[in-house]
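> Handing over query-v3.txt, compact mmCIF, C-alpha atoms.
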```
# COMPACT_ATOMS: atom_id res chain seq x y z
CA MET A 4 36.10 -4.80 11.79
CA GLN A 5 37.27 -2.98 8.64
CA LEU A 6 35.31 -3.14 5.39
CA THR A 7 36.77 -2.32 2.01
CA ASN A 8 34.33 -2.56 -0.90
CA ASN A 9 32.19 -4.77 1.35
CA ILE A 10 35.01 -7.26 1.86
CA VAL A 11 36.08 -8.00 5.44
CA LEU A 12 39.84 -7.54 5.68
CA PHE A 13 40.51 -8.20 9.35
CA ASP A 14 39.11 -7.69 12.83
CA ASP A 15 40.59 -5.05 15.07
CA ASN A 16 41.97 -7.90 17.20
CA ASP A 17 44.05 -8.93 14.20
CA ARG A 18 45.98 -5.67 14.13
CA LEU A 19 49.03 -7.45 15.48
CA LEU A 20 52.66 -7.47 14.48
CA VAL A 21 53.30 -9.68 11.43
CA ARG A 22 56.56 -11.65 11.51
CA LEU A 23 57.99 -11.86 8.01
CA TYR A 24 60.93 -14.23 7.56
CA ALA A 25 62.77 -13.72 4.25
CA ALA A 26 65.99 -14.54 2.44
CA ASN A 27 68.88 -12.09 2.74
CA SER A 28 68.73 -11.18 -0.95
CA LEU A 29 65.27 -9.68 -0.43
CA LYS A 30 66.23 -7.34 2.39
CA GLY A 31 66.05 -4.07 0.47
CA VAL A 32 62.85 -4.66 -1.46
CA LEU A 33 60.87 -6.30 1.34
CA SER A 34 61.88 -3.55 3.76
CA GLU A 35 60.26 -1.06 1.37
CA VAL A 36 57.21 -3.29 0.88
CA ALA A 37 56.79 -3.59 4.66
CA GLN A 38 57.00 0.17 5.12
CA ALA A 39 54.39 0.79 2.44
CA PHE A 40 52.09 -1.87 3.91
CA THR A 41 52.37 -0.46 7.43
CA ARG A 42 51.61 3.06 6.19
CA LYS A 43 48.47 1.79 4.50
CA TYR A 44 47.11 -0.66 7.09
CA LYS A 45 48.76 0.54 10.34
CA ILE A 46 50.04 -2.99 11.02
CA PRO A 47 53.68 -3.25 12.09
CA ILE A 48 55.95 -5.78 10.40
CA LYS A 49 58.87 -7.51 12.10
CA LEU A 50 61.44 -8.45 9.48
CA GLU A 51 63.86 -11.34 9.97
CA PHE A 52 66.49 -11.96 7.27
CA ASP A 53 68.89 -14.88 6.89
CA TYR A 54 69.74 -17.58 4.39
CA ALA A 55 66.53 -19.28 3.25
CA ASP A 56 67.58 -22.75 4.40
CA VAL A 57 68.52 -21.39 7.83
CA LEU A 58 65.15 -19.67 8.23
CA ARG A 59 63.36 -22.82 7.09
CA GLU A 60 65.03 -24.86 9.81
CA ARG A 61 64.34 -22.21 12.44
CA ILE A 62 60.65 -22.32 11.60
CA LEU A 63 60.62 -26.12 11.58
CA GLU A 64 62.23 -26.06 15.02
CA GLY A 65 59.42 -23.90 16.40
CA GLU A 66 60.25 -20.23 15.89
CA THR A 67 57.16 -18.08 15.43
CA ALA A 68 56.82 -16.71 11.92
CA ASP A 69 53.77 -15.67 9.92
CA ILE A 70 55.12 -15.53 6.37
CA PHE A 71 58.21 -17.14 4.86
CA ILE A 72 59.66 -15.83 1.59
CA ALA A 73 62.65 -17.45 -0.09
CA ASP A 74 64.79 -16.80 -3.15
CA ASP A 75 63.76 -20.27 -4.33
CA VAL A 76 60.61 -22.39 -4.16
CA TYR A 77 62.24 -25.44 -2.59
CA ASN A 78 62.57 -24.13 0.97
CA PRO A 79 58.95 -22.91 1.28
CA ARG A 80 57.77 -26.24 -0.14
CA VAL A 81 59.59 -28.08 2.64
CA LEU A 82 57.43 -26.22 5.16
CA MET A 83 54.29 -26.91 3.17
CA GLN A 84 55.13 -30.60 2.84
CA ALA A 85 55.73 -30.75 6.60
CA SER A 86 52.17 -29.38 7.07
CA LYS A 87 53.58 -26.19 8.57
CA SER A 88 52.24 -23.72 6.03
CA SER A 89 49.96 -22.89 3.11
CA PRO A 90 50.53 -23.83 -0.53
CA VAL A 91 53.54 -22.03 -2.00
CA VAL A 92 53.00 -19.09 -4.34
CA ASN A 93 55.63 -18.32 -6.99
CA PHE A 94 55.17 -14.57 -6.64
CA VAL A 95 58.12 -13.15 -8.57
CA ARG A 96 61.09 -14.18 -10.68
CA ASN A 97 64.74 -13.21 -10.91
CA ARG A 98 67.40 -14.07 -13.47
CA ILE A 99 71.12 -14.74 -13.54
CA CYS A 100 73.35 -12.27 -15.37
CA ALA A 101 77.01 -11.24 -15.42
CA ILE A 102 78.60 -8.21 -13.80
CA VAL A 103 81.69 -7.34 -15.85
CA LYS A 104 84.54 -4.93 -15.24
CA SER A 105 84.44 -1.76 -17.30
CA ASP A 106 87.49 -2.26 -19.53
CA LEU A 107 86.43 -5.59 -21.02
CA THR A 108 84.68 -5.67 -24.39
CA VAL A 109 81.84 -8.18 -24.16
CA THR A 110 78.37 -8.91 -25.44
CA SER A 111 75.89 -11.63 -24.53
CA ASP A 112 77.11 -13.66 -27.50
CA SER A 113 80.78 -13.43 -26.49
CA LEU A 114 80.22 -13.86 -22.75
CA LEU A 115 80.92 -17.61 -22.63
CA ASP A 116 84.20 -17.12 -24.52
CA LEU A 117 85.25 -14.55 -21.95
CA MET A 118 84.20 -16.74 -19.01
CA LEU A 119 86.24 -19.67 -20.39
CA SER A 120 89.33 -17.60 -21.21
CA PRO A 121 92.34 -18.56 -19.02
CA GLN A 122 93.04 -14.85 -18.56
CA THR A 123 89.61 -14.14 -17.09
CA HIS A 124 88.90 -14.46 -13.37
CA LEU A 125 85.35 -15.55 -12.59
CA GLY A 126 83.47 -15.05 -9.31
CA ILE A 127 80.35 -16.84 -8.06
CA SER A 128 78.49 -17.25 -4.79
CA ALA A 129 79.35 -20.19 -2.59
CA PRO A 130 76.84 -23.03 -3.06
CA LYS A 131 74.32 -23.52 -0.27
CA PRO A 132 74.33 -27.14 0.91
CA ASP A 133 70.54 -27.40 1.13
CA LEU A 134 69.67 -25.42 -1.98
CA PHE A 135 67.64 -27.45 -4.45
CA GLU A 136 69.40 -25.85 -7.39
CA ASP A 137 72.62 -23.85 -7.40
CA TYR A 138 72.18 -21.26 -10.11
CA ALA A 139 75.82 -20.78 -11.08
CA GLN A 140 76.03 -24.54 -11.50
CA ALA A 141 72.91 -24.40 -13.66
CA VAL A 142 74.67 -21.90 -15.95
CA PHE A 143 77.74 -24.15 -16.09
CA HIS A 144 75.59 -27.14 -17.04
CA GLN A 145 74.06 -25.07 -19.84
CA ALA A 146 77.56 -24.18 -21.02
CA GLU A 147 78.50 -27.88 -21.08
CA LYS A 148 75.69 -28.53 -23.56
CA LEU A 149 77.23 -25.96 -25.87
CA ARG A 150 80.88 -26.90 -25.42
CA VAL A 151 82.03 -30.18 -23.94
CA GLY A 152 84.41 -29.60 -21.03
CA SER A 153 82.99 -26.20 -20.10
CA PHE A 154 81.44 -27.41 -16.84
CA GLU A 155 84.76 -28.63 -15.45
CA LYS A 156 86.70 -25.61 -16.69
CA LEU A 157 84.26 -23.10 -15.19
CA ASN A 158 84.03 -24.94 -11.89
CA SER A 159 87.78 -25.23 -11.53
CA LYS A 160 88.40 -21.53 -12.12
CA ALA A 161 85.41 -20.00 -10.32
CA LEU A 162 86.14 -18.26 -7.01
CA HIS A 163 83.50 -18.58 -4.26
CA LEU A 164 83.61 -15.08 -2.83
CA VAL A 165 80.18 -14.41 -1.32
CA GLY A 166 77.52 -16.39 0.51
CA GLY A 167 79.68 -18.94 2.29
CA SER A 168 80.88 -19.21 5.87
CA ASN A 169 84.48 -18.51 4.83
CA HIS A 170 83.86 -15.56 2.52
CA PRO A 171 85.85 -12.35 3.11
CA ILE A 172 84.25 -9.84 5.45
CA ILE A 173 83.20 -6.64 3.68
CA GLY A 174 81.96 -3.45 5.29
CA ASP A 175 78.20 -2.96 5.22
CA LYS A 176 78.55 0.26 3.22
CA LYS A 177 80.42 -1.44 0.36
CA ASN A 178 78.80 -3.29 -2.49
CA LYS A 179 80.35 -6.76 -2.44
CA PHE A 180 80.42 -7.20 -6.21
CA ALA A 181 81.95 -3.79 -6.89
CA TYR A 182 84.44 -4.55 -4.11
CA PHE A 183 85.70 -7.78 -5.69
CA ILE A 184 85.70 -6.47 -9.27
CA GLN A 185 86.92 -2.91 -8.87
CA GLU A 186 88.55 -2.48 -5.47
CA THR A 187 90.44 -5.75 -4.99
CA GLN A 188 90.32 -6.76 -8.69
CA GLN A 189 90.05 -10.42 -7.69
CA VAL A 190 87.62 -11.14 -10.51
CA ASP A 191 86.74 -9.75 -13.91
CA ILE A 192 83.26 -11.27 -14.10
CA PHE A 193 80.76 -12.14 -11.39
CA LEU A 194 77.65 -14.23 -12.00
CA SER A 195 74.79 -12.89 -9.89
CA TYR A 196 71.10 -12.26 -9.67
CA TYR A 197 70.02 -9.37 -11.89
CA THR A 198 68.72 -7.53 -8.81
CA ASP A 199 72.20 -7.73 -7.24
CA ALA A 200 73.82 -6.63 -10.49
CA ARG A 201 71.55 -3.60 -10.54
CA LEU A 202 72.73 -2.59 -7.05
CA ALA A 203 76.37 -3.12 -8.05
CA HIS A 204 75.88 -0.84 -11.05
CA LEU A 205 74.29 1.82 -8.86
CA ALA A 206 77.31 1.63 -6.54
CA ALA A 207 79.83 1.60 -9.41
CA PRO A 208 78.25 2.90 -12.65
CA SER A 209 81.25 1.90 -14.79
CA LEU A 210 80.48 -1.79 -14.23
CA GLN A 211 78.70 -3.53 -17.07
CA ILE A 212 75.59 -5.69 -16.70
CA VAL A 213 75.61 -8.35 -19.39
CA GLU A 214 72.58 -10.55 -19.95
CA LEU A 215 73.21 -14.24 -20.49
CA PRO A 216 72.37 -15.41 -24.02
CA THR A 217 69.23 -17.48 -24.45
CA ASN A 218 71.15 -20.77 -24.49
CA LEU A 219 72.75 -19.99 -21.11
CA ALA A 220 69.82 -18.21 -19.48
CA VAL A 221 68.70 -19.31 -16.01
CA ARG A 222 65.61 -17.88 -14.35
CA VAL A 223 64.94 -18.19 -10.64
CA ASN A 224 61.48 -18.52 -9.13
CA TYR A 225 60.82 -17.07 -5.65
CA GLY A 226 58.33 -18.70 -3.29
CA MET A 227 56.09 -17.37 -0.52
CA THR A 228 54.08 -19.34 2.05
CA VAL A 229 51.90 -18.34 5.02
CA ILE A 230 52.65 -20.23 8.21
CA ASN A 231 49.77 -22.16 9.81
CA ASN A 232 47.72 -20.45 12.53
CA SER A 233 48.82 -16.95 11.54
CA TYR A 234 46.41 -14.05 12.04
CA SER A 235 44.52 -12.74 9.03
CA ALA A 236 46.78 -9.67 8.91
CA ALA A 237 49.50 -12.01 7.61
CA VAL A 238 47.23 -13.07 4.77
CA ILE A 239 46.57 -9.42 3.95
CA LEU A 240 50.31 -8.79 3.81
CA ALA A 241 50.77 -11.77 1.47
CA MET A 242 47.98 -10.45 -0.75
CA TYR A 243 49.54 -6.99 -0.69
CA ILE A 244 52.82 -8.46 -1.98
CA LEU A 245 50.86 -10.07 -4.83
CA SER A 246 48.89 -6.88 -5.53
CA PRO A 247 49.84 -4.25 -8.14
CA ASP A 248 51.18 -2.02 -5.32
CA GLY A 249 53.51 -4.71 -4.01
CA GLN A 250 54.53 -5.88 -7.49
CA GLU A 251 55.35 -2.31 -8.47
CA ILE A 252 57.89 -2.11 -5.67
CA LEU A 253 59.37 -5.48 -6.66
CA ALA A 254 59.66 -4.33 -10.27
CA LYS A 255 61.47 -1.18 -9.16
CA TYR A 256 64.21 -3.40 -7.71
CA GLY A 257 64.62 -5.29 -10.97
CA PHE A 258 62.44 -8.34 -10.35
CA ASP A 259 60.40 -9.88 -13.15
CA THR A 260 56.79 -9.45 -12.08
CA SER A 261 55.21 -10.81 -15.26
CA LEU A 262 53.98 -13.85 -13.32
CA MET A 263 51.32 -11.64 -11.74
CA GLY A 264 50.60 -9.70 -14.92
```
Re-express the file's structure as structure tokens.

Amino acid sequence: MQLTNNIVLFDDNDRLLVRLYAANSLKGVLSEVAQAFTRKYKIPIKLEFDYADVLRERILEGETADIFIADDVYNPRVLMQASKSSPVVNFVRNRICAIVKSDLTVTSDSLLDLMLSPQTHLGISAPKPDLFEDYAQAVFHQAEKLRVGSFEKLNSKALHLVGGSNHPIIGDKKNKFAYFIQETQQVDIFLSYYTDARLAHLAAPSLQIVELPTNLAVRVNYGMTVINNSYSAAVILAMYILSPDGQEILAKYGFDTSLMG
């Protein structure tokens, strides 16, 4: 048994592999979190990444997982409501922004004009059929409140280039957003998570990251749940993710960690 400040963390028998199931968009950051956790507690982590709705169904069908983390709160809540897991913690937040090609002049205030322009090609992720809220659609609905007809115009012009079963295959070493904006020039603007935009900018520094104006802004809450009958090491991992050490790693990748502040 290990004691830290007189608090029992786990028995030696609990030093077992922790199976962490998480959405694809969290692969980079959670891989680093898992490495840091294993260095500190000597507990190995098995990481399994896929679309959140796919992982949810795999767990419901009986696959053994200890923690489930999604890039939404809906999918973890399905497990909780099915009495498969603990209450869901909204442990971090992301936001939607625009990745824009380098030669376009744009600000947050002029972004909607550029998105609606017939000369501008707009890219978005393919909607997930089981996702409670599609975030590109949420932006389009916000635009409709500002200008009648915007929702239909944006939907009709938007190209679904990532996230769907029919999306083009891109090499693992290429950033998908930089690929579609710079290499193939299929789009001029891509709506994405800020964390993805950050990676695109690292891959292609000439790309612009443009924040959505307040009246278009969409924030995305991420949920975490511990699966029933998991060993206490899984709880320690969940607490580590919520701790300042875990939140510091999340912040480094561009997530908004103010929820835990």
> What does the structure give for the distance between CA of Leu164 in chain A and CA of Glu214 in chain A, in Å to one decimal?
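Separation of CA of Leu164 in chain A and CA of Glu214 in chain A: 20.9 Å.
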> Quick one: of A:Asp112, A:Asp69, A:Asp259, A:Asp137, who's nearest to Arg98 in chain A, counting all atoms listed in the file?
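That would be A:Asp259, the residue with the smallest distance to Arg98 in chain A.
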> Closest to Val91 in chain A among A:Asn27, A:Thr260, A:Ser246, A:Asn224, using only C-alpha atoms?
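That would be A:Asn224, the residue with the smallest distance to Val91 in chain A.
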> For the atom pair CA of Val36 in chain A and CA of Leu23 in chain A, what is the interatomic distance in Å to one decimal place?
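Computed distance, CA of Val36 in chain A to CA of Leu23 in chain A, equals 11.2 Å.
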> Go through range 23-95 of chain A and flag each residue having an atom no more than 12 Å from range 179-197 of chain A; for those, report the closest pair of atoms plus their distance in Å to one decimal, using all atoms listed in the file, ordered by chain and rising number, as a Markdown table.

```
| residue | atom | partner | partner_atom | distance |
| --- | --- | --- | --- | --- |
| A:Ser28 | CA | A:Tyr196 | CA | 9.1 |
| A:Leu29 | CA | A:Tyr196 | CA | 11.2 |
| A:Asp74 | CA | A:Tyr196 | CA | 10.1 |
```
